[in-house]
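Shown below: upload_1.pdb, with PDB, C-alpha atoms.
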ATOM      1  CA  MET A   1     -29.521  12.222  10.875
ATOM      2  CA  THR A   2     -28.517   8.600  11.395
ATOM      3  CA  LYS A   3     -25.921   7.381  13.839
ATOM      4  CA  LYS A   4     -23.794   5.996  11.021
ATOM      5  CA  LEU A   5     -23.839   9.370   9.314
ATOM      6  CA  LEU A   6     -22.665  11.032  12.500
ATOM      7  CA  ILE A   7     -19.777   8.588  12.656
ATOM      8  CA  ALA A   8     -18.924   9.381   9.070
ATOM      9  CA  ARG A   9     -18.533  13.050   9.888
ATOM     10  CA  ARG A  10     -15.240  12.137  11.519
ATOM     11  CA  THR A  11     -13.768  10.587   8.386
ATOM     12  CA  ALA A  12     -15.629  11.858   5.383
ATOM     13  CA  VAL A  13     -17.330  15.220   5.745
ATOM     14  CA  ALA A  14     -14.397  16.901   7.446
ATOM     15  CA  ALA A  15     -12.056  15.534   4.805
ATOM     16  CA  LEU A  16     -14.231  16.845   1.991
ATOM     17  CA  ALA A  17     -13.871  20.381   3.363
ATOM     18  CA  ILE A  18     -10.080  20.347   3.051
ATOM     19  CA  SER A  19     -10.132  21.920  -0.377
ATOM     20  CA  LEU A  20     -11.633  25.045   1.207
ATOM     21  CA  LEU A  21      -9.021  25.428   3.923
ATOM     22  CA  THR A  22      -6.657  27.699   2.039
ATOM     23  CA  ALA A  23      -9.451  30.108   1.181
ATOM     24  CA  CYS A  24     -10.708  29.950   4.739
ATOM     25  CA  GLY A  25      -7.338  30.940   6.158
ATOM     26  CA  ALA A  26      -6.557  33.645   3.665
ATOM     27  CA  SER A  27      -8.059  36.424   5.748
ATOM     28  CA  ASN A  28      -5.842  35.479   8.670
ATOM     29  CA  GLY A  29      -2.661  35.684   6.613
ATOM     30  CA  GLY A  30       0.285  34.118   8.372
ATOM     31  CA  SER A  31      -0.342  35.745  11.740
ATOM     32  CA  GLN A  32      -0.107  33.648  14.870
ATOM     33  CA  SER A  33      -2.175  33.778  18.043
ATOM     34  CA  SER A  34      -0.922  35.716  21.025
ATOM     35  CA  ALA A  35       1.430  33.607  23.119
ATOM     36  CA  SER A  36      -0.442  34.290  26.378
ATOM     37  CA  ALA A  37      -1.514  30.918  27.769
ATOM     38  CA  LEU A  38      -4.682  29.973  29.634
ATOM     39  CA  PRO A  39      -4.418  29.799  33.444
ATOM     40  CA  THR A  40      -3.711  26.315  34.808
ATOM     41  CA  ASP A  41      -6.739  26.519  37.118
ATOM     42  CA  ILE A  42      -9.253  27.519  34.439
ATOM     43  CA  LYS A  43     -12.784  26.661  35.605
ATOM     44  CA  THR A  44     -14.762  27.069  32.396
ATOM     45  CA  VAL A  45     -13.624  25.580  29.094
ATOM     46  CA  LYS A  46     -15.278  26.265  25.751
ATOM     47  CA  ILE A  47     -15.020  23.396  23.239
ATOM     48  CA  GLY A  48     -15.924  23.526  19.555
ATOM     49  CA  VAL A  49     -17.617  20.357  18.247
ATOM     50  CA  SER A  50     -19.470  19.262  15.108
ATOM     51  CA  ASP A  51     -22.132  17.042  16.682
ATOM     52  CA  GLY A  52     -23.114  19.018  19.757
ATOM     53  CA  ALA A  53     -26.689  17.713  19.787
ATOM     54  CA  GLU A  54     -25.517  14.179  20.584
ATOM     55  CA  PRO A  55     -26.452  13.162  24.159
ATOM     56  CA  TYR A  56     -22.987  11.764  24.941
ATOM     57  CA  TRP A  57     -21.598  15.296  25.148
ATOM     58  CA  GLN A  58     -23.888  15.991  28.088
ATOM     59  CA  VAL A  59     -22.576  12.864  29.813
ATOM     60  CA  TYR A  60     -19.047  14.088  29.120
ATOM     61  CA  LYS A  61     -19.923  17.528  30.510
ATOM     62  CA  LYS A  62     -21.267  15.942  33.716
ATOM     63  CA  VAL A  63     -18.200  13.741  34.181
ATOM     64  CA  VAL A  64     -15.807  16.666  33.638
ATOM     65  CA  GLN A  65     -17.691  18.719  36.226
ATOM     66  CA  GLU A  66     -17.653  15.864  38.736
ATOM     67  CA  LYS A  67     -14.051  14.721  38.250
ATOM     68  CA  ALA A  68     -12.221  17.888  37.227
ATOM     69  CA  GLY A  69     -14.380  20.646  38.700
ATOM     70  CA  VAL A  70     -14.557  22.321  35.290
ATOM     71  CA  THR A  71     -17.657  23.605  33.512
ATOM     72  CA  VAL A  72     -17.689  22.715  29.814
ATOM     73  CA  GLU A  73     -19.454  24.943  27.314
ATOM     74  CA  PHE A  74     -19.959  23.663  23.773
ATOM     75  CA  GLN A  75     -20.082  25.607  20.531
ATOM     76  CA  ASN A  76     -21.463  23.554  17.656
ATOM     77  CA  PHE A  77     -20.230  24.080  14.088
ATOM     78  CA  SER A  78     -21.850  22.835  10.897
ATOM     79  CA  ASP A  79     -19.138  24.412   8.733
ATOM     80  CA  TYR A  80     -15.940  22.411   9.192
ATOM     81  CA  ASN A  81     -13.822  25.356   8.098
ATOM     82  CA  GLN A  82     -14.709  27.329  11.235
ATOM     83  CA  PRO A  83     -13.550  25.472  14.398
ATOM     84  CA  ASN A  84      -9.802  25.837  13.781
ATOM     85  CA  PRO A  85      -9.847  29.578  13.056
ATOM     86  CA  ALA A  86     -12.165  30.023  16.075
ATOM     87  CA  LEU A  87      -9.632  28.200  18.263
ATOM     88  CA  ASP A  88      -6.700  30.145  16.838
ATOM     89  CA  GLN A  89      -8.535  33.426  17.464
ATOM     90  CA  LYS A  90      -9.301  32.414  21.099
ATOM     91  CA  GLN A  91     -13.043  32.137  20.658
ATOM     92  CA  LEU A  92     -12.583  28.542  21.896
ATOM     93  CA  ASP A  93     -10.239  26.847  24.353
ATOM     94  CA  LEU A  94     -10.320  23.459  22.558
ATOM     95  CA  ASN A  95     -11.987  21.800  19.610
ATOM     96  CA  GLU A  96     -12.825  18.152  18.936
ATOM     97  CA  PHE A  97     -13.992  17.411  15.415
ATOM     98  CA  GLN A  98     -10.989  16.446  13.276
ATOM     99  CA  HIS A  99      -8.282  13.889  12.695
ATOM    100  CA  LEU A 100      -4.553  14.657  12.541
ATOM    101  CA  GLN A 101      -4.477  14.708   8.752
ATOM    102  CA  TYR A 102      -7.122  17.430   8.625
ATOM    103  CA  LEU A 103      -5.298  19.404  11.335
ATOM    104  CA  ALA A 104      -1.988  19.118   9.474
ATOM    105  CA  THR A 105      -3.617  20.369   6.277
ATOM    106  CA  TYR A 106      -5.011  23.376   8.135
ATOM    107  CA  ASN A 107      -1.729  24.193   9.860
ATOM    108  CA  VAL A 108       0.367  23.942   6.697
ATOM    109  CA  ALA A 109      -2.110  25.845   4.507
ATOM    110  CA  ASN A 110      -2.516  28.659   7.021
ATOM    111  CA  ASN A 111       0.912  28.802   8.707
ATOM    112  CA  LYS A 112      -0.598  27.868  12.077
ATOM    113  CA  ASN A 113       0.537  25.627  14.914
ATOM    114  CA  LEU A 114      -2.542  24.160  16.603
ATOM    115  CA  GLN A 115      -1.679  20.998  18.525
ATOM    116  CA  PRO A 116      -3.450  17.727  19.465
ATOM    117  CA  ILE A 117      -3.568  17.084  23.218
ATOM    118  CA  GLY A 118      -5.777  14.003  23.538
ATOM    119  CA  ALA A 119      -6.758  11.149  21.238
ATOM    120  CA  THR A 120     -10.435  10.221  20.948
ATOM    121  CA  ALA A 121     -11.091   7.565  18.289
ATOM    122  CA  ILE A 122     -10.375   6.372  14.781
ATOM    123  CA  TYR A 123     -13.034   5.324  12.265
ATOM    124  CA  PRO A 124     -11.810   2.695   9.772
ATOM    125  CA  LEU A 125     -12.330   3.295   6.050
ATOM    126  CA  PRO A 126     -13.967   0.262   4.357
ATOM    127  CA  LEU A 127     -13.593  -1.462   0.995
ATOM    128  CA  TYR A 128     -16.952  -2.812  -0.244
ATOM    129  CA  SER A 129     -17.561  -5.443  -2.915
ATOM    130  CA  LYS A 130     -20.735  -6.952  -4.332
ATOM    131  CA  LYS A 131     -18.839  -9.429  -6.525
ATOM    132  CA  TYR A 132     -16.269 -10.925  -4.159
ATOM    133  CA  LYS A 133     -16.349 -12.192  -0.583
ATOM    134  CA  SER A 134     -12.671 -11.493   0.115
ATOM    135  CA  VAL A 135      -9.737  -9.589  -1.360
ATOM    136  CA  GLU A 136      -8.116 -12.922  -2.211
ATOM    137  CA  GLU A 137     -10.957 -13.661  -4.657
ATOM    138  CA  ILE A 138     -10.360 -10.497  -6.699
ATOM    139  CA  PRO A 139      -8.652 -11.421 -10.019
ATOM    140  CA  GLN A 140      -5.573  -9.722 -11.416
ATOM    141  CA  GLY A 141      -6.381  -6.601 -13.426
ATOM    142  CA  GLU A 142      -9.748  -5.765 -11.821
ATOM    143  CA  LYS A 143     -10.693  -2.164 -11.016
ATOM    144  CA  ILE A 144     -11.285  -0.609  -7.592
ATOM    145  CA  GLY A 145     -13.074   2.720  -7.173
ATOM    146  CA  VAL A 146     -11.652   5.289  -4.752
ATOM    147  CA  PRO A 147     -12.798   8.802  -3.764
ATOM    148  CA  ASN A 148     -10.755  11.526  -5.458
ATOM    149  CA  ASP A 149     -10.594  14.113  -2.647
ATOM    150  CA  PRO A 150      -6.994  14.294  -1.344
ATOM    151  CA  THR A 151      -7.440  12.953   2.186
ATOM    152  CA  ASN A 152      -9.695  10.023   1.290
ATOM    153  CA  LEU A 153      -7.648   9.249  -1.822
ATOM    154  CA  SER A 154      -4.419   8.842   0.142
ATOM    155  CA  ARG A 155      -6.163   6.865   2.837
ATOM    156  CA  SER A 156      -7.772   4.596   0.231
ATOM    157  CA  LEU A 157      -4.309   3.716  -1.076
ATOM    158  CA  ILE A 158      -3.317   2.728   2.466
ATOM    159  CA  VAL A 159      -6.386   0.458   2.688
ATOM    160  CA  LEU A 160      -5.637  -1.176  -0.651
ATOM    161  CA  GLU A 161      -1.962  -1.707   0.133
ATOM    162  CA  GLN A 162      -2.753  -3.224   3.531
ATOM    163  CA  ALA A 163      -5.199  -5.536   1.725
ATOM    164  CA  GLY A 164      -2.460  -6.673  -0.665
ATOM    165  CA  LEU A 165      -4.198  -5.252  -3.741
ATOM    166  CA  ILE A 166      -1.633  -2.596  -4.688
ATOM    167  CA  LYS A 167       1.989  -1.711  -4.059
ATOM    168  CA  VAL A 168       2.942   1.893  -3.332
ATOM    169  CA  LYS A 169       6.506   3.058  -3.871
ATOM    170  CA  GLY A 170       8.042   3.656  -0.456
ATOM    171  CA  GLY A 171       4.868   2.418   1.260
ATOM    172  CA  ALA A 172       1.483   4.154   1.337
ATOM    173  CA  ASN A 173       1.088   7.120   3.664
ATOM    174  CA  SER A 174      -1.206  10.084   4.181
ATOM    175  CA  THR A 175       0.325  12.019   1.269
ATOM    176  CA  SER A 176       0.413   9.174  -1.287
ATOM    177  CA  THR A 177      -1.169   9.699  -4.701
ATOM    178  CA  PRO A 178      -1.969   7.332  -7.595
ATOM    179  CA  ALA A 179       1.307   8.474  -9.181
ATOM    180  CA  ASP A 180       3.086   6.651  -6.353
ATOM    181  CA  VAL A 181       1.409   3.316  -7.122
ATOM    182  CA  ASP A 182       3.726   0.637  -8.508
ATOM    183  CA  THR A 183       1.303  -0.511 -11.203
ATOM    184  CA  ALA A 184       3.555  -3.309 -12.463
ATOM    185  CA  ASN A 185       3.458  -4.998  -9.059
ATOM    186  CA  SER A 186      -0.163  -4.217  -8.181
ATOM    187  CA  LYS A 187      -3.046  -6.648  -8.482
ATOM    188  CA  VAL A 188      -5.737  -4.071  -9.287
ATOM    189  CA  THR A 189      -6.123  -0.741 -11.048
ATOM    190  CA  VAL A 190      -7.220   2.261  -8.992
ATOM    191  CA  VAL A 191     -10.043   4.308 -10.526
ATOM    192  CA  GLN A 192     -10.601   7.787  -9.065
ATOM    193  CA  MET A 193     -14.085   9.289  -8.866
ATOM    194  CA  ASP A 194     -16.155  11.705  -6.854
ATOM    195  CA  ALA A 195     -16.739  10.216  -3.401
ATOM    196  CA  LYS A 196     -20.515  10.074  -3.884
ATOM    197  CA  MET A 197     -20.020   7.943  -7.014
ATOM    198  CA  THR A 198     -18.034   5.173  -5.289
ATOM    199  CA  ALA A 199     -21.194   3.494  -4.011
ATOM    200  CA  GLN A 200     -23.181   4.180  -7.181
ATOM    201  CA  ASN A 201     -20.519   2.510  -9.365
ATOM    202  CA  LEU A 202     -20.040  -0.514  -7.127
ATOM    203  CA  ASP A 203     -22.031  -2.829  -9.442
ATOM    204  CA  SER A 204     -19.572  -2.276 -12.292
ATOM    205  CA  LEU A 205     -16.373  -2.555 -10.236
ATOM    206  CA  ALA A 206     -14.602  -5.275  -8.282
ATOM    207  CA  GLY A 207     -14.964  -3.041  -5.255
ATOM    208  CA  SER A 208     -15.050   0.530  -3.979
ATOM    209  CA  ILE A 209     -13.737   2.458  -1.022
ATOM    210  CA  VAL A 210     -16.925   4.094   0.276
ATOM    211  CA  ASN A 211     -17.171   6.628   3.092
ATOM    212  CA  ASN A 212     -19.703   5.765   5.766
ATOM    213  CA  ASN A 213     -22.142   8.531   4.877
ATOM    214  CA  TYR A 214     -22.388   7.427   1.232
ATOM    215  CA  ALA A 215     -22.506   3.767   2.271
ATOM    216  CA  THR A 216     -25.425   4.575   4.553
ATOM    217  CA  ALA A 217     -27.240   6.496   1.809
ATOM    218  CA  ALA A 218     -26.737   3.575  -0.588
ATOM    219  CA  LYS A 219     -27.863   1.094   2.077
ATOM    220  CA  LEU A 220     -24.669  -0.946   1.723
ATOM    221  CA  SER A 221     -24.657  -3.870   4.135
ATOM    222  CA  GLN A 222     -21.750  -4.372   6.527
ATOM    223  CA  ASP A 223     -21.524  -7.868   5.020
ATOM    224  CA  LEU A 224     -20.174  -6.302   1.832
ATOM    225  CA  ILE A 225     -17.052  -4.988   3.587
ATOM    226  CA  ILE A 226     -14.060  -7.108   2.563
ATOM    227  CA  ALA A 227     -11.242  -4.911   3.936
ATOM    228  CA  LYS A 228     -10.579  -1.753   5.930
ATOM    229  CA  ASP A 229      -7.534  -0.005   7.313
ATOM    230  CA  ASP A 230      -5.929  -1.293  10.492
ATOM    231  CA  PRO A 231      -6.438   1.269  13.271
ATOM    232  CA  ALA A 232      -3.319  -0.042  15.029
ATOM    233  CA  ALA A 233      -1.031   0.430  12.013
ATOM    234  CA  GLU A 234       1.449   3.292  11.908
ATOM    235  CA  SER A 235      -0.057   4.390   8.579
ATOM    236  CA  SER A 236      -3.422   4.938  10.305
ATOM    237  CA  LYS A 237      -2.100   7.480  12.802
ATOM    238  CA  PRO A 238      -3.032  10.478  10.615
ATOM    239  CA  TYR A 239      -6.684   9.460  10.971
ATOM    240  CA  ILE A 240      -6.818   9.512  14.767
ATOM    241  CA  ASN A 241      -9.316  12.124  15.945
ATOM    242  CA  ALA A 242      -8.205  14.397  18.760
ATOM    243  CA  PHE A 243      -8.856  17.292  21.091
ATOM    244  CA  VAL A 244      -6.866  20.255  19.773
ATOM    245  CA  SER A 245      -5.514  23.316  21.554
ATOM    246  CA  ARG A 246      -3.378  26.320  20.750
ATOM    247  CA  ASP A 247       0.350  25.609  20.937
ATOM    248  CA  GLU A 248       0.849  27.671  24.101
ATOM    249  CA  ASP A 249      -1.820  25.609  25.914
ATOM    250  CA  LYS A 250      -0.722  22.104  24.903
ATOM    251  CA  THR A 251       0.709  21.371  28.376
ATOM    252  CA  ASN A 252      -2.095  23.016  30.357
ATOM    253  CA  PRO A 253      -2.951  20.416  33.046
ATOM    254  CA  THR A 254      -6.641  21.306  33.140
ATOM    255  CA  LEU A 255      -7.060  20.911  29.381
ATOM    256  CA  LEU A 256      -5.094  17.657  29.425
ATOM    257  CA  LYS A 257      -7.302  16.320  32.206
ATOM    258  CA  ILE A 258     -10.601  17.087  30.525
ATOM    259  CA  ALA A 259      -9.344  15.638  27.233
ATOM    260  CA  GLU A 260      -8.387  12.460  29.104
ATOM    261  CA  LEU A 261     -11.889  12.235  30.588
ATOM    262  CA  TYR A 262     -13.267  11.482  27.115
ATOM    263  CA  HIS A 263     -12.180   7.941  27.957
ATOM    264  CA  ASP A 264     -13.965   7.769  31.289
ATOM    265  CA  PRO A 265     -15.966   4.498  31.198
ATOM    266  CA  GLU A 266     -19.276   6.350  31.583
ATOM    267  CA  VAL A 267     -18.438   8.644  28.662
ATOM    268  CA  GLU A 268     -17.248   5.835  26.394
ATOM    269  CA  ALA A 269     -20.426   3.882  27.104
ATOM    270  CA  ALA A 270     -22.513   6.922  26.143
ATOM    271  CA  ILE A 271     -20.529   7.365  22.929
ATOM    272  CA  ARG A 272     -21.094   3.726  21.990
ATOM    273  CA  LYS A 273     -24.809   4.116  22.669
ATOM    274  CA  ASP A 274     -25.101   7.229  20.485
ATOM    275  CA  LEU A 275     -22.647   6.500  17.678
ATOM    276  CA  GLY A 276     -22.608   2.715  17.530
ATOM    277  CA  GLU A 277     -19.628   0.410  17.270
ATOM    278  CA  GLY A 278     -17.940   1.882  14.193
ATOM    279  CA  GLY A 279     -15.202   3.765  16.023
ATOM    280  CA  ILE A 280     -12.121   2.410  17.793
ATOM    281  CA  PHE A 281     -11.155   4.375  20.899
ATOM    282  CA  LYS A 282      -7.556   5.583  20.917
ATOM    283  CA  THR A 283      -5.485   6.718  23.895
ATOM    284  CA  ASP A 284      -2.213   7.800  22.248
ATOM    285  CA  SER A 285      -0.341  10.292  24.436
ATOM    286  CA  PRO A 286      -0.289  14.003  23.572
ATOM    287  CA  GLU A 287       3.443  13.722  22.863
ATOM    288  CA  ASP A 288       2.865  10.841  20.443
ATOM    289  CA  LEU A 289       0.070  12.711  18.684
ATOM    290  CA  GLN A 290       2.198  15.842  18.372
ATOM    291  CA  LYS A 291       5.106  13.860  16.963
ATOM    292  CA  ALA A 292       2.785  12.216  14.432
ATOM    293  CA  LEU A 293       1.354  15.604  13.459
ATOM    294  CA  SER A 294       4.854  16.989  12.881
ATOM    295  CA  VAL A 295       5.689  14.096  10.547
ATOM    296  CA  ILE A 296       2.454  14.576   8.570
ATOM    297  CA  GLU A 297       3.105  18.304   8.230
ATOM    298  CA  GLU A 298       6.671  17.713   7.005
ATOM    299  CA  ASN A 299       5.428  15.184   4.458
ATOM    300  CA  LYS A 300       2.809  17.625   3.211
ATOM    301  CA  LYS A 301       5.409  20.386   2.820
ATOM    302  CA  LYS A 302       7.638  18.057   0.808
ATOM    303  CA  LYS A 303       4.735  17.176  -1.492
ATOM    304  CA  SER A 304       3.768  20.809  -2.077
TER     305      SER A 304
END

Represent the structure contained in this file as structure tokens.
Amino acid sequence: MTKKLLIARRTAVAALAISLLTACGASNGGSQSSASALPTDIKTVKIGVSDGAEPYWQVYKKVVQEKAGVTVEFQNFSDYNQPNPALDQKQLDLNEFQHLQYLATYNVANNKNLQPIGATAIYPLPLYSKKYKSVEEIPQGEKIGVPNDPTNLSRSLIVLEQAGLIKVKGGANSTSTPADVDTANSKVTVVQMDAKMTAQNLDSLAGSIVNNNYATAAKLSQDLIIAKDDPAAESSKPYINAFVSRDEDKTNPTLLKIAELYHDPEVEAAIRKDLGEGGIFKTDSPEDLQKALSVIEENKKKKS
């Protein structure tokens, strides 16, 4: 598996599993985890991840042992529907594989209250074009391909609005749909398609929003990227990846410390070495992440 594909797992593969979340949570009903919290001096922490074979996790494990006196055990998941139920059911103490939008979808669909306690990184979503060198060159009335799965579709609208190609009524956010697009005041028409087709149809379109895994498979050059979402923008907050805990453990000082150590210089250097330069490290506070999650969840409930 390529490094670029591993990066894409943060933005594409997890998002594509969202449609299965409701079915995944059905067996749990609406029950909540026991409110008994972990001890503050916990010495072994089990973390669920989706890329456990990557060497940077061993660097992280070493740094956590040295600086926090905590032994980290990893459980790797290839099925993205499993880490949240495993955390809720106390098979894990933390997980780190998802962004806030994915977490909000899980919580709302399953009546759960898992909480982010430490930001890791955000992976921008790119707009590719083979016909134009910049968004300014794209003529009025052209067509842009976007993936049709809910998370990537909403995020694509954010990318296109930030690029000045469309207008979204009320401003694009993580729950926006094509029905919210102000077509009369937009420069381009949005064409929905299966995510794997966005790269394949690029020759016949002015541009396409293409997830990193499909861009890698199609051998799309970075030179073809003419826009991507701004990781510093408020609208990008739902796509920040994070360490996640149960609600009763969100203030546990040991868990907060080991989540913070993801940004130890030695760990960040190892991540860059393994995953490349595609991600932007984020250090939003747990309180800020939790506030953002609450807003996303409320927006999702209003849309449902």

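Residues matched by the PyMOL selection byres ((chain A and resi 298) around 12) in this file are Gln101, Ala104, Thr105, Asn107, Val108, Ser174, Thr175, Lys291, Ala292, Leu293, Ser294, Val295, Ile296, Glu297, Asn299, Lys300, Lys301, Lys302, Lys303 and Ser304 of chain A.
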
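Considering the residues A:Asp274, A:Asp249, A:Asp88, A:Asp203 and counting all atoms listed in the file, Tyr128 (chain A) has its shortest atom-to-atom contact with A:Asp203.
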
The PyMOL selection byres ((chain A and resi 238) around 7) resolved against shown file, as a ChimeraX atom specification: /A:99-101,174,236-237,239-240

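Comparing the minimum interatomic distances between Ser156 (chain A) and each of A:Thr183, A:Thr40, A:Asn211, A:Gln200, counting all atoms listed in the file, we find that A:Asn211 sits nearest.
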
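For the atom pair formed by CA of Glu136 (chain A) and CA of Asn212 (chain A), the distance is 23.4 Å, given to one decimal.
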
Straight-line distance linking CA of Ala37 (chain A) with CA of Glu248 (chain A), stated in Å to one decimal: 5.4 Å

Hits from the PyMOL selection byres ((chain A and resi 121) around 7), listed as a PyMOL selection string: chain A and resi 119-120+122-123+240-241+279-282

Could you produce a table of the residues of region 74-176 of chain A lying within 12 Å of region 57-69 of chain A, with the nearest pair of atoms per residue and their separation in Å rounded to one decimal, using only C-alpha atoms, ordered by chain and increasing residue number, as a tab-separated table?
residue	atom	partner	partner_atom	distance
A:Phe74	CA	A:Trp57	CA	8.6
A:Gln75	CA	A:Trp57	CA	11.4
A:Asn76	CA	A:Trp57	CA	11.2
A:Glu96	CA	A:Trp57	CA	11.1

Interatomic distance, CA of Gly207 (chain A) to CA of Glu277 (chain A) (Å, one decimal): 23.3 Å

Selected residue, from A:Tyr56, A:Gly48, A:Asn84, A:Thr151, that lies nearest to Arg272 (chain A) when counting only C-alpha atoms: A:Tyr56

Of the listed residues A:Thr71, A:Gln115, A:Thr283, A:Thr177, that which approaches Ala232 (chain A) most closely, counting all atoms listed in the file: A:Thr283
